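Structure data (mmCIF, C-alpha atoms) from work_37.cif:
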data_my_file
loop_
_atom_site.group_PDB
_atom_site.id
_atom_site.type_symbol
_atom_site.label_atom_id
_atom_site.label_comp_id
_atom_site.auth_asym_id
_atom_site.auth_seq_id
_atom_site.Cartn_x
_atom_site.Cartn_y
_atom_site.Cartn_z
ATOM 1 C CA MET A 1 0.000 0.000 0.000
ATOM 2 C CA ILE A 2 1.121 3.522 -0.733
ATOM 3 C CA ILE A 3 -0.451 6.408 1.166
ATOM 4 C CA SER A 4 -0.267 9.999 -0.012
ATOM 5 C CA ILE A 5 -1.782 12.643 2.243
ATOM 6 C CA SER A 6 -1.618 16.343 1.348
ATOM 7 C CA THR A 7 1.279 16.041 -1.070
ATOM 8 C CA PHE A 8 -0.137 15.864 -4.604
ATOM 9 C CA GLU A 9 -1.276 19.499 -4.450
ATOM 10 C CA HIS A 10 2.386 20.463 -3.965
ATOM 11 C CA THR A 11 3.717 18.128 -6.670
ATOM 12 C CA GLU A 12 4.192 20.041 -9.896
ATOM 13 C CA PHE A 13 3.872 16.936 -12.099
ATOM 14 C CA PHE A 14 1.675 14.690 -9.953
ATOM 15 C CA TRP A 15 0.703 12.557 -12.962
ATOM 16 C CA LEU A 16 4.328 11.397 -13.228
ATOM 17 C CA THR A 17 4.361 10.654 -9.510
ATOM 18 C CA TYR A 18 1.180 8.622 -10.008
ATOM 19 C CA LEU A 19 2.914 6.492 -12.665
ATOM 20 C CA GLU A 20 5.831 5.880 -10.303
ATOM 21 C CA ILE A 21 3.384 4.801 -7.607
ATOM 22 C CA LEU A 22 1.784 2.328 -10.017
ATOM 23 C CA ARG A 23 5.209 1.054 -11.031
ATOM 24 C CA VAL A 24 6.308 0.174 -7.484
ATOM 25 C CA LEU A 25 2.991 -1.253 -6.231
ATOM 26 C CA LYS A 26 2.427 -5.008 -6.316
ATOM 27 C CA PRO A 27 -0.416 -5.974 -8.698
ATOM 28 C CA SER A 28 -2.815 -6.240 -5.733
ATOM 29 C CA GLY A 29 -1.395 -3.077 -4.160
ATOM 30 C CA LEU A 30 -3.564 -0.160 -3.121
ATOM 31 C CA PHE A 31 -2.945 3.560 -3.495
ATOM 32 C CA PHE A 32 -4.670 5.814 -0.951
ATOM 33 C CA LEU A 33 -4.785 9.434 -2.124
ATOM 34 C CA ASN A 34 -5.911 12.257 0.170
ATOM 35 C CA VAL A 35 -5.568 15.771 -1.225
ATOM 36 C CA PRO A 36 -7.348 19.121 -0.732
ATOM 37 C CA SER A 37 -10.427 19.772 -2.812
ATOM 38 C CA ASN A 38 -10.760 23.405 -1.751
ATOM 39 C CA SER A 39 -9.665 26.041 0.762
ATOM 40 C CA LYS A 40 -6.950 28.598 1.019
ATOM 41 C CA PHE A 41 -3.632 28.795 -0.768
ATOM 42 C CA HIS A 42 -0.980 27.187 1.434
ATOM 43 C CA ARG A 43 2.423 27.429 -0.088
ATOM 44 C CA HIS A 44 4.973 24.833 0.968
ATOM 45 C CA SER A 45 7.410 25.651 -1.766
ATOM 46 C CA THR A 46 4.487 25.464 -4.246
ATOM 47 C CA ASP A 47 0.715 24.960 -4.089
ATOM 48 C CA ASN A 48 -0.419 23.874 -7.548
ATOM 49 C CA TRP A 49 -3.586 21.818 -7.586
ATOM 50 C CA ARG A 50 -6.996 21.010 -6.097
ATOM 51 C CA PHE A 51 -8.772 17.720 -6.774
ATOM 52 C CA TYR A 52 -12.435 17.230 -7.683
ATOM 53 C CA PRO A 53 -14.738 14.202 -8.095
ATOM 54 C CA ASP A 54 -13.344 13.065 -11.453
ATOM 55 C CA SER A 55 -9.649 13.460 -10.598
ATOM 56 C CA SER A 56 -8.987 9.800 -9.823
ATOM 57 C CA LEU A 57 -10.849 8.781 -12.979
ATOM 58 C CA ALA A 58 -8.486 10.939 -15.031
ATOM 59 C CA LEU A 59 -5.500 9.388 -13.233
ATOM 60 C CA LYS A 60 -6.894 5.917 -13.991
ATOM 61 C CA LYS A 61 -7.057 6.828 -17.700
ATOM 62 C CA TRP A 62 -3.474 8.113 -17.517
ATOM 63 C CA GLY A 63 -2.412 4.799 -15.969
ATOM 64 C CA LEU A 64 -4.196 2.831 -18.712
ATOM 65 C CA LYS A 65 -2.574 4.991 -21.397
ATOM 66 C CA ASN A 66 0.822 4.168 -19.892
ATOM 67 C CA GLY A 67 0.416 0.386 -19.821
ATOM 68 C CA TYR A 68 -1.044 -0.176 -16.337
ATOM 69 C CA ASN A 69 -4.448 -1.617 -15.449
ATOM 70 C CA PRO A 70 -5.590 0.449 -12.430
ATOM 71 C CA GLU A 71 -9.109 0.575 -11.057
ATOM 72 C CA VAL A 72 -10.564 3.187 -8.732
ATOM 73 C CA LEU A 73 -12.315 1.241 -5.968
ATOM 74 C CA GLU A 74 -13.964 4.320 -4.477
ATOM 75 C CA HIS A 75 -13.598 8.058 -4.193
ATOM 76 C CA TYR A 76 -15.319 10.911 -2.384
ATOM 77 C CA THR A 77 -14.860 14.385 -0.964
ATOM 78 C CA ASN A 78 -14.969 14.832 2.816
ATOM 79 C CA PHE A 79 -17.659 17.219 3.966
ATOM 80 C CA GLU A 80 -16.404 19.396 6.799
ATOM 81 C CA THR A 81 -17.686 22.664 8.222
ATOM 82 C CA GLY A 82 -16.026 25.432 10.145
ATOM 83 C CA ARG A 83 -13.495 28.163 9.632
ATOM 84 C CA ASP A 84 -10.672 26.178 8.002
ATOM 85 C CA ILE A 85 -12.530 23.865 5.664
ATOM 86 C CA TRP A 86 -10.344 21.715 3.426
ATOM 87 C CA ASN A 87 -12.809 18.997 2.423
ATOM 88 C CA ASP A 88 -10.124 16.643 1.234
ATOM 89 C CA TYR A 89 -10.671 14.480 -1.814
ATOM 90 C CA VAL A 90 -9.998 10.803 -1.126
ATOM 91 C CA SER A 91 -9.602 7.940 -3.560
ATOM 92 C CA ILE A 92 -8.569 4.310 -3.288
ATOM 93 C CA THR A 93 -7.056 2.776 -6.428
ATOM 94 C CA ILE A 94 -5.822 -0.766 -6.969
ATOM 95 C CA LYS A 95 -2.875 -1.225 -9.331
ATOM 96 C CA ASP A 96 -4.415 -4.086 -11.306
ATOM 97 C CA GLU A 97 -8.183 -4.257 -11.790
ATOM 98 C CA ASN A 98 -7.997 -8.071 -11.838
ATOM 99 C CA PHE A 99 -7.393 -8.049 -8.050
ATOM 100 C CA LYS A 100 -10.304 -5.806 -7.053
ATOM 101 C CA LYS A 101 -12.406 -8.801 -5.958
ATOM 102 C CA ASN A 102 -9.950 -9.189 -3.045
ATOM 103 C CA PHE A 103 -11.220 -5.902 -1.581
ATOM 104 C CA ASN A 104 -14.982 -5.935 -1.011
ATOM 105 C CA LYS A 105 -15.322 -3.455 1.850
ATOM 106 C CA ARG A 106 -15.507 0.270 1.146
ATOM 107 C CA ILE A 107 -15.041 3.312 3.355
ATOM 108 C CA LEU A 108 -18.286 4.662 1.919
ATOM 109 C CA ASP A 109 -20.199 1.693 3.358
ATOM 110 C CA THR A 110 -20.023 3.423 6.756
ATOM 111 C CA LYS A 111 -18.835 7.002 6.184
ATOM 112 C CA LYS A 112 -21.558 9.647 6.492
ATOM 113 C CA ASN A 113 -19.965 13.085 6.000
ATOM 114 C CA PHE A 114 -18.971 13.108 2.326
ATOM 115 C CA THR A 115 -20.097 14.416 -1.042
ATOM 116 C CA ASN A 116 -19.619 13.295 -4.651
ATOM 117 C CA GLY A 117 -18.704 9.730 -3.811
ATOM 118 C CA ARG A 118 -18.625 6.604 -5.935
ATOM 119 C CA LYS A 119 -18.138 2.952 -5.044
ATOM 120 C CA ASP A 120 -16.697 0.733 -7.784
ATOM 121 C CA LEU A 121 -17.619 3.415 -10.336
ATOM 122 C CA SER A 122 -20.617 1.310 -11.321
ATOM 123 C CA GLY A 123 -23.288 3.710 -10.142
ATOM 124 C CA ASN A 124 -24.231 7.324 -9.935
ATOM 125 C CA ILE A 125 -22.495 9.827 -7.720
ATOM 126 C CA ILE A 126 -23.592 9.463 -4.093
ATOM 127 C CA ASN A 127 -24.415 12.722 -2.237
ATOM 128 C CA PHE A 128 -23.913 14.792 -5.374
ATOM 129 C CA GLN A 129 -23.034 18.429 -4.738
ATOM 130 C CA GLU A 130 -22.310 20.802 -7.588
ATOM 131 C CA LEU A 131 -20.541 23.586 -5.691
ATOM 132 C CA PRO A 132 -17.401 22.874 -3.688
ATOM 133 C CA GLN A 133 -17.953 23.231 0.024
ATOM 134 C CA ASP A 134 -15.936 26.432 0.311
ATOM 135 C CA GLN A 135 -18.449 28.132 -2.006
ATOM 136 C CA LEU A 136 -21.379 26.884 0.105
ATOM 137 C CA ASN A 137 -19.958 28.400 3.303
ATOM 138 C CA TRP A 138 -21.509 31.854 3.941
ATOM 139 C CA GLY A 139 -18.167 33.541 4.624
ATOM 140 C CA TRP A 140 -16.645 32.226 1.417
ATOM 141 C CA LYS A 141 -19.802 33.196 -0.522
ATOM 142 C CA ILE A 142 -19.312 36.805 0.559
ATOM 143 C CA TYR A 143 -15.633 36.636 -0.353
ATOM 144 C CA TYR A 144 -16.354 35.287 -3.872
ATOM 145 C CA LYS A 145 -19.104 37.866 -4.476
ATOM 146 C CA TRP A 146 -16.825 40.680 -3.318
ATOM 147 C CA ARG A 147 -14.000 39.438 -5.520
ATOM 148 C CA LYS A 148 -16.364 39.225 -8.525
ATOM 149 C CA PHE A 149 -17.611 42.777 -7.841
ATOM 150 C CA LEU A 150 -14.053 44.143 -7.621
ATOM 151 C CA HIS A 151 -13.116 42.399 -10.849
ATOM 152 C CA LYS A 152 -16.050 44.028 -12.674
ATOM 153 C CA PHE A 153 -15.240 47.400 -11.132
ATOM 154 C CA ARG A 154 -11.603 47.208 -12.292
ATOM 155 C CA ASN A 155 -12.688 46.421 -15.859
ATOM 156 C CA TRP A 156 -14.843 49.582 -16.220
#

Give the structure from this file in structure tokens form.
Amino acid sequence: MIISISTFEHTEFFWLTYLEILRVLKPSGLFFLNVPSNSKFHRHSTDNWRFYPDSSLALKKWGLKNGYNPEVLEHYTNFETGRDIWNDYVSITIKDENFKKNFNKRILDTKKNFTNGRKDLSGNIINFQELPQDQLNWGWKIYYKWRKFLHKFRNW
């Protein structure tokens, strides 16, 4: 198993890192990815990316294109509230789809506070939410409206 928590947003070429992860995993190996979906800029040398519901599906396609056979077992976005909301995106990918039958349990079988989740990619999105959680928070809503107003004002 390889676990990546809060690093892919700082990795300038995370898709190359993903290929290296697939390379070193055993065929039945799992990749756990946890990365911010929203929130403030937090530079630790660089802060390049945010991940949304289809991110792991795009990585799967990149793996297939490069000769691997990955399968996303599940993915979702944590739903948190409060002042510092990150709402991390989480996905679990197996290196070789042929071994997915060895892993029947899913985090989403018991997890309650999430949005835009999928199990085995066979069904619709569970707890679909169009706007990221930072845009649903009242404080962030005001911030985005103010920023939009200032942008229009500057363009007059």

Length of the atom CA of A:Glu80 to atom CA of A:Thr115 vector [Å]: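 Atom-to-atom, atom CA of A:Glu80 to atom CA of A:Thr115, that is 10.0 Å.
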
So how many Å separate atom CA of A:Trp86 and atom CA of A:Phe128, to one decimal?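 Separation between atom CA of A:Trp86 and atom CA of A:Phe128: 17.6 Å.
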
Taking only C-alpha atoms into account, which of A:Asp88, A:Glu71, A:Asp47, A:Glu97 comes nearest A:Leu121? A:Glu71

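Comparing A:His10, A:His44, A:Arg106, A:Arg23 by their smallest distance to A:Gly67, the closest is A:Arg23 (using all atoms listed in the file).
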
Measure the distance from atom CA of A:Ile142 to atom CA of A:Glu9 in Å and round it to one decimal. 25.5 Å

Please enumerate the residues selected by the PyMOL selection byres ((chain A and resi 116) around 9) when evaluated against the supplied file, formatted as a PyMOL selection string. chain A and resi 52-53+75-78+114-115+117-118+125-130

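Between A:Tyr68 and the residues A:Asn48, A:Thr7, A:Thr110, A:Thr93, the shortest atom-to-atom distance, using all atoms listed in the file, involves A:Thr93.
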
With a distance cut-off of 10 Å and all atoms listed in the file, select the neighbouring residues of A:Leu59, excluding the residue or stretch itself and same-chain residues fewer than 5 positions from it, and output the selection as a ChimeraX atom specification. /A:14-15,18-19,54,64-65,70-72,93

Dump as a PDB file, in the frame of the given file, selection limited to C-alpha atoms:
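Printed below is result.pdb as written:
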ATOM      1  CA  PHE A  14       1.675  14.690  -9.953  1.00  0.00           C
ATOM      2  CA  TRP A  15       0.703  12.557 -12.962  1.00  0.00           C
ATOM      3  CA  TYR A  18       1.180   8.622 -10.008  1.00  0.00           C
ATOM      4  CA  LEU A  19       2.914   6.492 -12.665  1.00  0.00           C
ATOM      5  CA  ASP A  54     -13.344  13.065 -11.453  1.00  0.00           C
ATOM      6  CA  LEU A  64      -4.196   2.831 -18.712  1.00  0.00           C
ATOM      7  CA  LYS A  65      -2.574   4.991 -21.397  1.00  0.00           C
ATOM      8  CA  PRO A  70      -5.590   0.449 -12.430  1.00  0.00           C
ATOM      9  CA  GLU A  71      -9.109   0.575 -11.057  1.00  0.00           C
ATOM     10  CA  VAL A  72     -10.564   3.187  -8.732  1.00  0.00           C
ATOM     11  CA  THR A  93      -7.056   2.776  -6.428  1.00  0.00           C
TER      12      THR A  93
END

How big is the axis-aligned box around the listed atoms of stretch 48-60 of chain A once 6 Å is added on each side, and where is its centre? Give both in Å to one decimal, as JSON.
{"center_x": -7.6, "center_y": 14.9, "center_z": -10.6, "size_x": 26.3, "size_y": 30.0, "size_z": 20.9}

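Nearest residue to A:Gly29, choosing from A:Lys105, A:Lys152, A:Lys145, A:Lys100 and counting all atoms listed in the file: A:Lys100.
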
Between A:Leu16, A:Leu150, A:Leu30, A:Leu57, which has the minimum distance to A:Asn102 (counting only C-alpha atoms)? A:Leu30

Pick out the closest residue to A:Gly63 from this set: A:Val90, A:Phe103, A:Phe31, A:Leu22. Count only C-alpha atoms.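 Nearest to A:Gly63: A:Leu22.
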
Please write a file for stretch 7-118 of chain A, taken from the block I just shared, that holds C-alpha atoms and is laid out as a PDB file, in the first residue's frame.
ATOM      1  CA  THR A   7       1.279  16.041  -1.070  1.00  0.00           C
ATOM      2  CA  PHE A   8      -0.137  15.864  -4.604  1.00  0.00           C
ATOM      3  CA  GLU A   9      -1.276  19.499  -4.450  1.00  0.00           C
ATOM      4  CA  HIS A  10       2.386  20.463  -3.965  1.00  0.00           C
ATOM      5  CA  THR A  11       3.717  18.128  -6.670  1.00  0.00           C
ATOM      6  CA  GLU A  12       4.192  20.041  -9.896  1.00  0.00           C
ATOM      7  CA  PHE A  13       3.872  16.936 -12.099  1.00  0.00           C
ATOM      8  CA  PHE A  14       1.675  14.690  -9.953  1.00  0.00           C
ATOM      9  CA  TRP A  15       0.703  12.557 -12.962  1.00  0.00           C
ATOM     10  CA  LEU A  16       4.328  11.397 -13.228  1.00  0.00           C
ATOM     11  CA  THR A  17       4.361  10.654  -9.510  1.00  0.00           C
ATOM     12  CA  TYR A  18       1.180   8.622 -10.008  1.00  0.00           C
ATOM     13  CA  LEU A  19       2.914   6.492 -12.665  1.00  0.00           C
ATOM     14  CA  GLU A  20       5.831   5.880 -10.303  1.00  0.00           C
ATOM     15  CA  ILE A  21       3.384   4.801  -7.607  1.00  0.00           C
ATOM     16  CA  LEU A  22       1.784   2.328 -10.017  1.00  0.00           C
ATOM     17  CA  ARG A  23       5.209   1.054 -11.031  1.00  0.00           C
ATOM     18  CA  VAL A  24       6.308   0.174  -7.484  1.00  0.00           C
ATOM     19  CA  LEU A  25       2.991  -1.253  -6.231  1.00  0.00           C
ATOM     20  CA  LYS A  26       2.427  -5.008  -6.316  1.00  0.00           C
ATOM     21  CA  PRO A  27      -0.416  -5.974  -8.698  1.00  0.00           C
ATOM     22  CA  SER A  28      -2.815  -6.240  -5.733  1.00  0.00           C
ATOM     23  CA  GLY A  29      -1.395  -3.077  -4.160  1.00  0.00           C
ATOM     24  CA  LEU A  30      -3.564  -0.160  -3.121  1.00  0.00           C
ATOM     25  CA  PHE A  31      -2.945   3.560  -3.495  1.00  0.00           C
ATOM     26  CA  PHE A  32      -4.670   5.814  -0.951  1.00  0.00           C
ATOM     27  CA  LEU A  33      -4.785   9.434  -2.124  1.00  0.00           C
ATOM     28  CA  ASN A  34      -5.911  12.257   0.170  1.00  0.00           C
ATOM     29  CA  VAL A  35      -5.568  15.771  -1.225  1.00  0.00           C
ATOM     30  CA  PRO A  36      -7.348  19.121  -0.732  1.00  0.00           C
ATOM     31  CA  SER A  37     -10.427  19.772  -2.812  1.00  0.00           C
ATOM     32  CA  ASN A  38     -10.760  23.405  -1.751  1.00  0.00           C
ATOM     33  CA  SER A  39      -9.665  26.041   0.762  1.00  0.00           C
ATOM     34  CA  LYS A  40      -6.950  28.598   1.019  1.00  0.00           C
ATOM     35  CA  PHE A  41      -3.632  28.795  -0.768  1.00  0.00           C
ATOM     36  CA  HIS A  42      -0.980  27.187   1.434  1.00  0.00           C
ATOM     37  CA  ARG A  43       2.423  27.429  -0.088  1.00  0.00           C
ATOM     38  CA  HIS A  44       4.973  24.833   0.968  1.00  0.00           C
ATOM     39  CA  SER A  45       7.410  25.651  -1.766  1.00  0.00           C
ATOM     40  CA  THR A  46       4.487  25.464  -4.246  1.00  0.00           C
ATOM     41  CA  ASP A  47       0.715  24.960  -4.089  1.00  0.00           C
ATOM     42  CA  ASN A  48      -0.419  23.874  -7.548  1.00  0.00           C
ATOM     43  CA  TRP A  49      -3.586  21.818  -7.586  1.00  0.00           C
ATOM     44  CA  ARG A  50      -6.996  21.010  -6.097  1.00  0.00           C
ATOM     45  CA  PHE A  51      -8.772  17.720  -6.774  1.00  0.00           C
ATOM     46  CA  TYR A  52     -12.435  17.230  -7.683  1.00  0.00           C
ATOM     47  CA  PRO A  53     -14.738  14.202  -8.095  1.00  0.00           C
ATOM     48  CA  ASP A  54     -13.344  13.065 -11.453  1.00  0.00           C
ATOM     49  CA  SER A  55      -9.649  13.460 -10.598  1.00  0.00           C
ATOM     50  CA  SER A  56      -8.987   9.800  -9.823  1.00  0.00           C
ATOM     51  CA  LEU A  57     -10.849   8.781 -12.979  1.00  0.00           C
ATOM     52  CA  ALA A  58      -8.486  10.939 -15.031  1.00  0.00           C
ATOM     53  CA  LEU A  59      -5.500   9.388 -13.233  1.00  0.00           C
ATOM     54  CA  LYS A  60      -6.894   5.917 -13.991  1.00  0.00           C
ATOM     55  CA  LYS A  61      -7.057   6.828 -17.700  1.00  0.00           C
ATOM     56  CA  TRP A  62      -3.474   8.113 -17.517  1.00  0.00           C
ATOM     57  CA  GLY A  63      -2.412   4.799 -15.969  1.00  0.00           C
ATOM     58  CA  LEU A  64      -4.196   2.831 -18.712  1.00  0.00           C
ATOM     59  CA  LYS A  65      -2.574   4.991 -21.397  1.00  0.00           C
ATOM     60  CA  ASN A  66       0.822   4.168 -19.892  1.00  0.00           C
ATOM     61  CA  GLY A  67       0.416   0.386 -19.821  1.00  0.00           C
ATOM     62  CA  TYR A  68      -1.044  -0.176 -16.337  1.00  0.00           C
ATOM     63  CA  ASN A  69      -4.448  -1.617 -15.449  1.00  0.00           C
ATOM     64  CA  PRO A  70      -5.590   0.449 -12.430  1.00  0.00           C
ATOM     65  CA  GLU A  71      -9.109   0.575 -11.057  1.00  0.00           C
ATOM     66  CA  VAL A  72     -10.564   3.187  -8.732  1.00  0.00           C
ATOM     67  CA  LEU A  73     -12.315   1.241  -5.968  1.00  0.00           C
ATOM     68  CA  GLU A  74     -13.964   4.320  -4.477  1.00  0.00           C
ATOM     69  CA  HIS A  75     -13.598   8.058  -4.193  1.00  0.00           C
ATOM     70  CA  TYR A  76     -15.319  10.911  -2.384  1.00  0.00           C
ATOM     71  CA  THR A  77     -14.860  14.385  -0.964  1.00  0.00           C
ATOM     72  CA  ASN A  78     -14.969  14.832   2.816  1.00  0.00           C
ATOM     73  CA  PHE A  79     -17.659  17.219   3.966  1.00  0.00           C
ATOM     74  CA  GLU A  80     -16.404  19.396   6.799  1.00  0.00           C
ATOM     75  CA  THR A  81     -17.686  22.664   8.222  1.00  0.00           C
ATOM     76  CA  GLY A  82     -16.026  25.432  10.145  1.00  0.00           C
ATOM     77  CA  ARG A  83     -13.495  28.163   9.632  1.00  0.00           C
ATOM     78  CA  ASP A  84     -10.672  26.178   8.002  1.00  0.00           C
ATOM     79  CA  ILE A  85     -12.530  23.865   5.664  1.00  0.00           C
ATOM     80  CA  TRP A  86     -10.344  21.715   3.426  1.00  0.00           C
ATOM     81  CA  ASN A  87     -12.809  18.997   2.423  1.00  0.00           C
ATOM     82  CA  ASP A  88     -10.124  16.643   1.234  1.00  0.00           C
ATOM     83  CA  TYR A  89     -10.671  14.480  -1.814  1.00  0.00           C
ATOM     84  CA  VAL A  90      -9.998  10.803  -1.126  1.00  0.00           C
ATOM     85  CA  SER A  91      -9.602   7.940  -3.560  1.00  0.00           C
ATOM     86  CA  ILE A  92      -8.569   4.310  -3.288  1.00  0.00           C
ATOM     87  CA  THR A  93      -7.056   2.776  -6.428  1.00  0.00           C
ATOM     88  CA  ILE A  94      -5.822  -0.766  -6.969  1.00  0.00           C
ATOM     89  CA  LYS A  95      -2.875  -1.225  -9.331  1.00  0.00           C
ATOM     90  CA  ASP A  96      -4.415  -4.086 -11.306  1.00  0.00           C
ATOM     91  CA  GLU A  97      -8.183  -4.257 -11.790  1.00  0.00           C
ATOM     92  CA  ASN A  98      -7.997  -8.071 -11.838  1.00  0.00           C
ATOM     93  CA  PHE A  99      -7.393  -8.049  -8.050  1.00  0.00           C
ATOM     94  CA  LYS A 100     -10.304  -5.806  -7.053  1.00  0.00           C
ATOM     95  CA  LYS A 101     -12.406  -8.801  -5.958  1.00  0.00           C
ATOM     96  CA  ASN A 102      -9.950  -9.189  -3.045  1.00  0.00           C
ATOM     97  CA  PHE A 103     -11.220  -5.902  -1.581  1.00  0.00           C
ATOM     98  CA  ASN A 104     -14.982  -5.935  -1.011  1.00  0.00           C
ATOM     99  CA  LYS A 105     -15.322  -3.455   1.850  1.00  0.00           C
ATOM    100  CA  ARG A 106     -15.507   0.270   1.146  1.00  0.00           C
ATOM    101  CA  ILE A 107     -15.041   3.312   3.355  1.00  0.00           C
ATOM    102  CA  LEU A 108     -18.286   4.662   1.919  1.00  0.00           C
ATOM    103  CA  ASP A 109     -20.199   1.693   3.358  1.00  0.00           C
ATOM    104  CA  THR A 110     -20.023   3.423   6.756  1.00  0.00           C
ATOM    105  CA  LYS A 111     -18.835   7.002   6.184  1.00  0.00           C
ATOM    106  CA  LYS A 112     -21.558   9.647   6.492  1.00  0.00           C
ATOM    107  CA  ASN A 113     -19.965  13.085   6.000  1.00  0.00           C
ATOM    108  CA  PHE A 114     -18.971  13.108   2.326  1.00  0.00           C
ATOM    109  CA  THR A 115     -20.097  14.416  -1.042  1.00  0.00           C
ATOM    110  CA  ASN A 116     -19.619  13.295  -4.651  1.00  0.00           C
ATOM    111  CA  GLY A 117     -18.704   9.730  -3.811  1.00  0.00           C
ATOM    112  CA  ARG A 118     -18.625   6.604  -5.935  1.00  0.00           C
TER     113      ARG A 118
END
